[in-house]
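Here the structure comes first, spelled out in structure tokens, and everything after it is commentary.
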Amino acid sequence: MAERSFKAEVEHLRKGNGDVFTGEGILAITKALLENGVGYVGGYQGAPISHLMDVLADAEELMAELGVRFEANASEAAAAAMLAASVHYPIRGAVTFKGPVGVNVASDALANLSSSGVNGGALVIVGEDYGEGSSIMQERSHAFAMKSQFWMLDPRPNLPSITKAVKDGFELSEASNTPVMLMVRIRSCHVTGSFATKDNVPPPLTVKQAIANPQSDFNRVVLPPMSYMHEQDKIKNRWPAAEKFIVENQLNEHFGPKDAKIGIVVQGGMYNGLIRALQRLGLADLFGRTDVPIYCLNVTYPLVRDEFDAFCEGKDHILVVEEGQPEHIEQHLGSFLYKVGRRLKLYGKDLLPMAGEYTGQVMLDGVTGFLKAAAPEMLPGKVRAPNAEEPRIPDLSKTVPIRPPGFCTGCPERPIFAGMKLVEQELGKHQITGDIGCHLFGSLPPFEIGGATMGYGLGPASNAAFDGGGERRAISMLGDGGFWHNGLSSSIGNMVFNKSDNVVVIVDNYYSAATGGQDVLSSRAHNDTKATNNPISAALKGVGVEWIRQIDHTYDVGKVRDTLREALTTDFKGPKVIVASSECMLNKQRREKPIRNKAFKDGRRVDVPRFGVDSDVCTGDHACIRLSGCPSLSLKRLDDPLRDDPIAHIDQTCVGCGNCGEVADAAVLCPSFYRADVVHNPGGFETWRAGLRNRVISWLQARRDAKRLRLTGAPT
Amino acid sequence: MNLVLPQKSPDPRVGDIIKLAVMAVGGQGGGVLTGWIEALARAQGYACQATSVAGVAQRTGATIYYVEMAKKSELEPVFALAPAGGDVDVLIAAEMMEVGRAVMRGFVTPDRTTLIGSTHRALAVSEKMAPGDGIADADEVRAAAEIAAQKLILADMDGLAVAEGSVISSSLFGALAGSRALPFPREAFEDAIRASGKGVDASLRAFAAGYDAAQNSTEEPVAPEKPAAPELTGPDSEIARWKALSDRANALPGPVRQMAGNGLMKVVDFQDCAYGETYLDHLDRIVARDSADHDWLLSVTAAKYIANAMAYDDIIRVADLKTRAPRMARIQAEMGVKDGQLVEVTEFFHPRAEEIVSLLPATMGARWEASPKRMALMDRLFNKGRRLRTHSLRSFLMLHFLGGLKGYRLKTRRHQVEVAHLQQWLEASLAPLDDDYALSVELLRNRRLVKGYSDTHARSLTKFATVMNAAELLRGRKDAAEWMGRLREAALKDPDGKALEGAIQTVRSFV
């Protein structure tokens with residue numbers, strides 16, 4: 001079950017004609033899919049479209065009513081491959097994953113799909129993880145459309161435009177027999193707004209009906225000579241058909257006056273940013289009505305030459321607003337201009353930066369630069385001749401610390417890295433590769449364990465060069481998400497086959513945790529529609545791993561350390577895999593809190609653990625923090641003139657995971673930590689016994705205090 | 001040259017768009033706050049758009065929520081999806097360094113921004129890791145915020161919320177209402193909380209606290225209640241001895257008096273009055289070589305660090321502290337234990353051979369320490385983690401017994417080692433006194449480097465020795481004291497002493 005539940009919101013998906021939907025972009029997309037008669041949906045989670053997968057999963061019941069099949073695909077490749085159903089059958093299908101990393105994984109299937117061509121509308125909804133808040137390398141998915149010849153939609157970031165793009169995407173796909181990618185940026189996925197809904201439409205042909213009447217056509221198979229024909233078909237038929245559809249249905253939009261000497265070409269997704277810059281320059285009103293002609297590319301691939309040509313008519317200066325690199329669109333438009341021999345001036349990545357997100361300031365600077373060069377008379381006076389002195393604000397860049405993401409309070413992965421760090425202190429530094437997932441935070445301070453990763457499920461594969469062995473074994477990390485995504489074959493299978501002598505630590509936290517806590521094959525939770533509880537260790541045995549150690553409680557730092565030490569020093573030849581399993585604390589808390597609260601109310605005995613630090617025992621060396629980094633383990637300054645350094649302190653957000661005590665023990669740190677178990681609703685005997693103990697203890701304390709001087713009221 | 005051309009008059013409604021950003025730390029409930037603001041705006045007849053970033057980038061990291069709103073009209077407004085520098089009307093920062101980040105990123109400008117910030121700190125990992133004091137300077141952030149913001153509201157919003165059994169999103173929402181930055185009445189804000197239907201009462205209380213904090217933001221922050229001044233209590237017979245000691249401390253030169261008083265209490269609490277006398281004897285010898293010329297800085301410094309050195313962290317001290325009556329009361333208060341609930345306390349001890357042997361009588365201990373075979377035996381016998389459940393009598397009695405070994409402490413190997421170390425340090429520190437007063441002060445201050453238990457303690461002693469030894473390199477230089485201070489700061493930067501190594505290299509390069 002995912003971190004965020006959309007059960008309540010899913011009810012909005014039942015809205016029909018005349019209703020208005022208000023909510024997040026992700027939900028709007030789901031609603032639009034249902035309104036457009038989609039027959040099957042699927043995908044693989046990952047920010048920023050994780051919630052789309054969560055919504056689909058939560059809407060499974062509603063979809064079943066409509067006859068729509070939902071598949072939580074094993075990977076992006078599996079998701080894209082599922083669109084094969086639309087090759088032969090006139091069924092609309094949609095899958096979603098993040099871009100460009102998910103598109104990378106899916107590209108094999110996407111290329112095959114694009115070659116075969118589709119009968120039913122095939123829509124790939126890609127959450128482009130670019131700019132602030134992104135967790136991946138900064139690239140564009142655009143190039144995939146260019147190389148495989150599928151079409152790319154980049155709608156304006158508002159709910160009516162995004163939902164219309166879903167409809168347009170299906171129709172364009174069917175009109176041109178080509179899959180269509182609908183790209184939504186990070187903030188567009190989570191943008192809120194409203195749109196007028198229509199009734200949901202059951203698919204005219206369901207997958208169930210289709211399978212009752214199987215079809216095949218060898219002309220669609222990517223084999224010579226058909227593949228050569230596919231390529232010709234793409235260029236001679238599908239592309240012109242797409243252009244025709246785009247023009248006739250006006251998928252691209254024009255704003256502003258028809259006649260002007262200047263114009264701006266913008267990706268749909270960047271439209272709001274452009275309008276804001278124009279608004280700030282006094283050149284657009286609240287509703288985006290502007291004095292500058294805008295050609296808004298809701299379809300960023302293919303570019304329609306005739307449309308662009310018409311837009312350029314009578315203009316002397318054109319600015320292309322295109323985020324990311326390389327500047328595919330600008331190059332393409334430049335070549336159009338050159339070939340028809342136009343002499344107008346084309347601006348783009350000369351005024352706007354080649355790399356990086358187009359933030360508000362970047363846009364403002366870029367558009368101002370363009371207008372300064374092309375139409376200075378349009379700029380307000382203060383821009384042309386700024387005279388106001390701006391106040392000097394002190395530079396805080398040396399004061400404010402960076403705050404990268406990290407392990408949550410009580411995360412079961414923290415003790416794994418604490419154990420690894422202890423082994424490193426004993427045996428020295430090892431070659432370590434990471435993988436995609438929360439465990440990649442282990443590469444950040446305070447642990448700084450692990451190096452590069454080459455992709456999801458590719459941690460151990462990234463160490464393959466060292467499979468031959470050497471003086472020290474290489475270690476690689478792999479999450480349960482990565483393991484089932486790609487790791488079992490590409491990483492573990494690869495190690496077994498190549499007789500690797502290295503070590504793998506599989507972090508099994510019961511979920512695909514980094515993407516929002518979706519279930520995977522080895523999840524422990526019962527799931528009505530998915531088969532869970534398939535142990536990773538069984539899969540390992542199945543592919544031929546012989547040395548497997550299962551740790552069922554990762555908080556046992558000593559055991560993690562000893563097991564890893566054994567893996568690194570054993571005489572056994574062959575891959576050594578440690579499966580370290582404990583439930584993701586974020587999900588565990590969410591699951592257990594209601595149960596615990598109910599137990600409180602029902603008067604049942606509940607034991608709530610939390611950790612504390614004795615401030616007079618702590619010496620303020622912070623060694624514990626260097627083996628933890630837990631948000632609830634922080635520092636406190638004492639009001640004591642004799643002490644210089646702040647001491648460790650645990651705040652009330654502690655969930656009592658046990659890492660502090662284990663680390664203090666395993667690393668032989670200090671006796672400052674204690675665990676306090678508050679027993680709610682204790683039993684009668686327990687209370688009696690505690691009273692007795694307290695009386696004895698108090699008597700002993702009083703007896704000693706009667707004989708000595710002691711400090712009271714000392715700062716704590 | 002273009003001035004003759006008519007200027008476009010900008011749409012005044014563009015200026016009426018309210019742009020609000022929330023900068024939070026992942027997990028603080030920024031999404032809930034944003035949801036309330038959105039619901040509020042829509043209920044008040046505004047068109048509103050919110051954006052956020054979810055996912056792994058958010059886990060405990062810095063994150064931004066962004067809201068724009070404008071009066072509803074015939075058409076849909078075009079809103080931006082992310083805040084732009086110099087173009088934010090309301091900035092809510094849910095932590096003090098996020099206040100700083102907001103200012104740093106240019107989201108807070110004097111012409112327009114109402115800045116609502118929480119002064120509490122959620123320390124970043126980089127601040128917590130340093131073996132010394134790596135906590136960022138909040139005053140710098142406050143000073144910058146005062147310049148950058150048009151209107152500034154700073155209060156401990158987290159504390160206010162927690163006190164009401166709620167979370168920071170509620171108190172921040174209250175502060176937003178109290179700031180009057182949005183054109184909506186207080187009731188409308190409260191309705192938004194009510195409509196959300198979860199933990200409404202606690203949220204409303206925290207909301208009210210935040211509202212009041214914003215309304216009274218011009219007032220000086222009330223200083224937190226001072227904890228009771230430390231004092232010594234005990235049986236009358238002992239108190240009489242203590243009086244004499246304390247009189248002796250009070251006779252010290254003015255500036256030294258207070259620190260010596262604190263130090264004296266610490267060592268007497270650690271051992272007894274006789275031990276306090278030894279402390280004052282040490283101090284007297286230093287006072288005798290000091291004068292008012294330097295404001296008695298040497299003596300004040302010595303008063304502080306000699307006390308710390310004498311009250312070393314041995315098993316007896318830890319066992320004593322863990323079994324004192326006020327400790328249990330403190331734990332009960334900290335854990336919020338209510339009547340009818342029980343507390344069970346588990347301690348985490350991991351004594352090594354070194355700690356056990358250090359408890360032996362001095363001569364015997366020294367002999368054992370010198371024998372690797374015996375140490376290995378001790379390790380086999382004792383070196384393992386011990387979880388003591390001090391609410392149970394068995395464990396309590398054991399610690400209580402250990403904590404009562406004060407009478408024997410001065411005969412232990414540990415005491416012998418500590419006394420020798422103290423002597424050595426004092427001698428080394430005072431050696432340059434006649435030529436370089438400041439260097440002597442710095443050398444005394446190096447005692448700050450000694451801390452931690454077991455391995456950490458051993459490493460800290462190595463660092464301490466390295467820094468102390470650098471005095472030989474520096475002696476005779478005009479800036480010797482300055483460099484000694486720098487070396488100490490470097491030693492406190494990282495656990496492995498990398499910064500210290502670099503600093504020593506630098507010193508070597510110029511001596």
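Letters A, B, ... go to the chains of the structure tokens in the order shown; residues in each chain start at 1; ligands are counted from 1 in the same order.
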Quick one: residues within 8 Å of range 409-422 of chain B, only C-alpha atoms counted, chain neighbours fewer than 3 positions away excluded, as a PDB file with C-alpha atoms, in the first residue's frame?
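Contents of result_37.pdb, freshly written:
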ATOM      1  CA  ILE B 306      40.752  22.159  35.842  1.00  0.00           C
ATOM      2  CA  ALA B 309      39.714  17.624  34.085  1.00  0.00           C
ATOM      3  CA  MET B 310      39.202  16.663  37.705  1.00  0.00           C
ATOM      4  CA  TYR B 312      36.589  12.921  34.617  1.00  0.00           C
ATOM      5  CA  ASP B 314      34.771   7.156  34.940  1.00  0.00           C
ATOM      6  CA  ILE B 316      31.775   5.426  39.094  1.00  0.00           C
ATOM      7  CA  VAL B 357      41.225  -2.368  34.536  1.00  0.00           C
ATOM      8  CA  SER B 358      41.143   1.352  35.167  1.00  0.00           C
ATOM      9  CA  LEU B 359      38.946   0.553  38.166  1.00  0.00           C
ATOM     10  CA  LEU B 360      41.624  -1.632  39.743  1.00  0.00           C
ATOM     11  CA  PRO B 361      43.943  -0.288  42.429  1.00  0.00           C
ATOM     12  CA  ALA B 362      46.565   1.920  40.782  1.00  0.00           C
ATOM     13  CA  THR B 363      49.635  -0.308  40.905  1.00  0.00           C
ATOM     14  CA  MET B 364      47.764  -3.442  40.020  1.00  0.00           C
ATOM     15  CA  GLY B 365      45.925  -1.649  37.228  1.00  0.00           C
ATOM     16  CA  ALA B 366      49.166  -0.380  35.748  1.00  0.00           C
ATOM     17  CA  LEU B 405      32.647   3.598  45.155  1.00  0.00           C
ATOM     18  CA  LYS B 406      33.696   7.215  45.625  1.00  0.00           C
ATOM     19  CA  TRP B 425      48.840  19.606  31.007  1.00  0.00           C
ATOM     20  CA  LEU B 426      49.152  22.318  33.655  1.00  0.00           C
TER      21      LEU B 426
END
**Q.** Selection near range 695-706 of chain A, 10 Å with only C-alpha atoms, sequence-local residues under 4 positions removed, as a list in words
**A.**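 Final neighbour list, sorted by chain and number: Arg689, Ala690, Gly691 and Arg710 of chain A; Thr233, Gly234, Pro235, Asp236, Glu238, Thr323, Arg324, Ala325, Pro326, Thr390, His391, Ser392, Leu393, Phe396, Leu397, His400 and Gly404 of chain B.
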(Q) Can you measure CA of Gly356 in chain A to CA of Ala452 in chain A for me? One decimal in Å is fine. (A)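 Between these atoms lies a distance of 22.0 Å.
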**Q.** Shortest interatomic distance to Tyr555 in chain A - which of A:Asp467, A:Ile595, A:Val505, A:Gly419, counting only C-alpha atoms
**A.**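 Nearest to Tyr555 in chain A: A:Gly419.
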Sorted per-residue table, range 113-182 of chain A near range 247-269 of chain A, closest atoms and distance, 7 Å, only C-alpha atoms, as CSV:
residue,atom,partner,partner_atom,distance
A:Asp154,CA,A:Gly268,CA,5.2
A:Pro155,CA,A:Gly268,CA,4.7
A:Arg156,CA,A:Gly268,CA,4.3
A:Pro157,CA,A:Gly269,CA,5.5
Q | Near-Ala206 in chain B list (6 Å; only C-alpha atoms; drop same-chain fewer than 2 positions) as a ChimeraX atom specification | A | /B:161,164,170-171,203-204,208-209
Could those residues be written to a file, using N, CA and C atoms, as an mmCIF file, in the first residue's frame?
data_model
loop_
_atom_site.group_PDB
_atom_site.id
_atom_site.type_symbol
_atom_site.label_atom_id
_atom_site.label_comp_id
_atom_site.auth_asym_id
_atom_site.auth_seq_id
_atom_site.Cartn_x
_atom_site.Cartn_y
_atom_site.Cartn_z
ATOM 1 N N ALA B 161 3.288 25.136 18.625
ATOM 2 C CA ALA B 161 2.398 24.064 18.184
ATOM 3 C C ALA B 161 2.512 22.845 19.093
ATOM 4 N N GLU B 164 0.706 22.901 22.221
ATOM 5 C CA GLU B 164 -0.734 22.694 22.098
ATOM 6 C C GLU B 164 -1.071 21.294 21.574
ATOM 7 N N SER B 170 -0.094 24.172 11.819
ATOM 8 C CA SER B 170 -1.201 24.905 12.438
ATOM 9 C C SER B 170 -0.768 26.274 12.935
ATOM 10 N N SER B 171 0.371 26.327 13.644
ATOM 11 C CA SER B 171 0.798 27.613 14.196
ATOM 12 C C SER B 171 1.224 28.559 13.077
ATOM 13 N N SER B 203 -5.350 21.630 16.409
ATOM 14 C CA SER B 203 -4.908 22.527 15.347
ATOM 15 C C SER B 203 -5.379 23.949 15.620
ATOM 16 N N LEU B 204 -6.612 24.087 16.075
ATOM 17 C CA LEU B 204 -7.154 25.428 16.324
ATOM 18 C C LEU B 204 -6.424 26.111 17.483
ATOM 19 N N ALA B 208 -4.326 29.518 17.140
ATOM 20 C CA ALA B 208 -4.500 30.717 17.964
ATOM 21 C C ALA B 208 -3.153 31.195 18.503
ATOM 22 N N ALA B 209 -2.316 30.238 18.910
ATOM 23 C CA ALA B 209 -1.000 30.610 19.442
ATOM 24 C C ALA B 209 -0.174 31.305 18.364
#
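Residues in contact range of Asn158 in chain A, defined as at most 8 Å between only C-alpha atoms, with sequence neighbours fewer than 2 positions away removed, read Gly25, Arg156, Pro160, Ser161, Ile162, Ser188, Val191, Thr192 and Gly193 of chain A.
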**Q.** Polymer residues at most 9 Å from range 265-278 of chain B, only C-alpha atoms, same-chain spacing of 6 or more positions, as a PyMOL selection string
**A.** (chain A and resi 708-711) or (chain B and resi 230-232+238+241-242+245-246+307-308+310-312+317+406-407+409)
Based on the selection just made, write C-alpha atoms of those residues as a compact mmCIF listing (two decimals), in the first residue's frame.
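See selection.txt below for the written result:
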# COMPACT_ATOMS: atom_id res chain seq x y z
CA ARG A 708 26.98 13.30 50.75
CA LEU A 709 26.91 16.64 49.01
CA ARG A 710 25.28 16.70 45.63
CA LEU A 711 24.55 19.20 42.94
CA PRO B 230 22.99 25.06 40.61
CA GLU B 231 23.63 24.61 44.29
CA LEU B 232 24.96 21.93 46.58
CA GLU B 238 29.03 18.31 55.02
CA ARG B 241 32.73 21.99 55.28
CA TRP B 242 31.30 23.20 52.02
CA LEU B 245 35.39 25.88 50.84
CA SER B 246 32.94 28.19 49.21
CA ALA B 307 37.26 21.41 37.11
CA ASN B 308 36.45 19.54 33.89
CA MET B 310 39.20 16.66 37.71
CA ALA B 311 35.61 15.55 37.17
CA TYR B 312 36.59 12.92 34.62
CA ARG B 317 30.60 8.86 37.95
CA LYS B 406 33.70 7.22 45.62
CA GLY B 407 35.64 6.38 48.75
CA ARG B 409 38.01 6.17 43.54
Q) So, counting only C-alpha atoms, which residue among B:Ala80, B:Ala130, B:Val343, B:Ile356 is closest to Lys493 in chain B? A) B:Ala130
Q: Using only C-alpha atoms, find the one residue out of B:Ala438, B:Leu342, B:Val88, B:Met375 that sits nearest to Ala149 in chain B.
A: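 Closest residue, counting only C-alpha atoms: B:Val88.
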(Q) DSSP on the backbone: which residues in range 121-228 of chain A end up as strand (DSSP E or B)? Give the answer as a PyMOL selection string. (A) chain A and resi 122-128+151-153+180-185+192-196
(Q) At a cut-off of 8 Å, using only C-alpha atoms, what residues contact Leu321 in chain B? Leave out same-chain residues fewer than 3 positions from it and give the result as a list in words. (A) Asp616 and Val617 of chain A; Arg317, Val318, Arg324, Arg327 and Gly403 of chain B
Q. Using only C-alpha atoms, which residue out of A:Ala539, A:Leu205, A:Ile449, A:Leu286 lies closest to Glu68 in chain B?
A.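 Among the listed residues, A:Leu286 lies closest to Glu68 in chain B.
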Q | DSSP helix (DSSP H, G or I) selection over range 288-397 of chain A, as number ranges by chain | A | A: 305-312, 328-340, 360-374, 376-378, 381-384
Q) How many Å lie between CA of Gln49 in chain B and CA of Gly273 in chain A, rounded to one decimal? A)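 About the pair CA of Gln49 in chain B and CA of Gly273 in chain A: they are 13.9 Å apart.
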Q) Counting only C-alpha atoms, which of B:Val90, B:Ala481, B:Val467, B:Val287 gets nearest to Pro432 in chain B? A)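 Comparing B:Val90, B:Ala481, B:Val467, B:Val287 against Pro432 in chain B, the winner is B:Ala481.
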Q.
List as a PyMOL selection string the protein and nucleic acid residues near Gly30 in chain B, meaning an atom at most 12 Å away when only C-alpha atoms are counted, but skip any in the same chain fewer than 2 places from it.
A. chain B and resi 21-28+32-37+50-54+58+60+62-67+92-95+167-173
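In this structure, CA of Glu24 in chain A sits 17.2 Å away from CA of Asp129 in chain A.
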Q.
Here is a test: counting only C-alpha atoms, which residue of B:Gly254, B:Gly452, B:Gly178, B:Gly29 is nearest to chain A?
A. B:Gly452
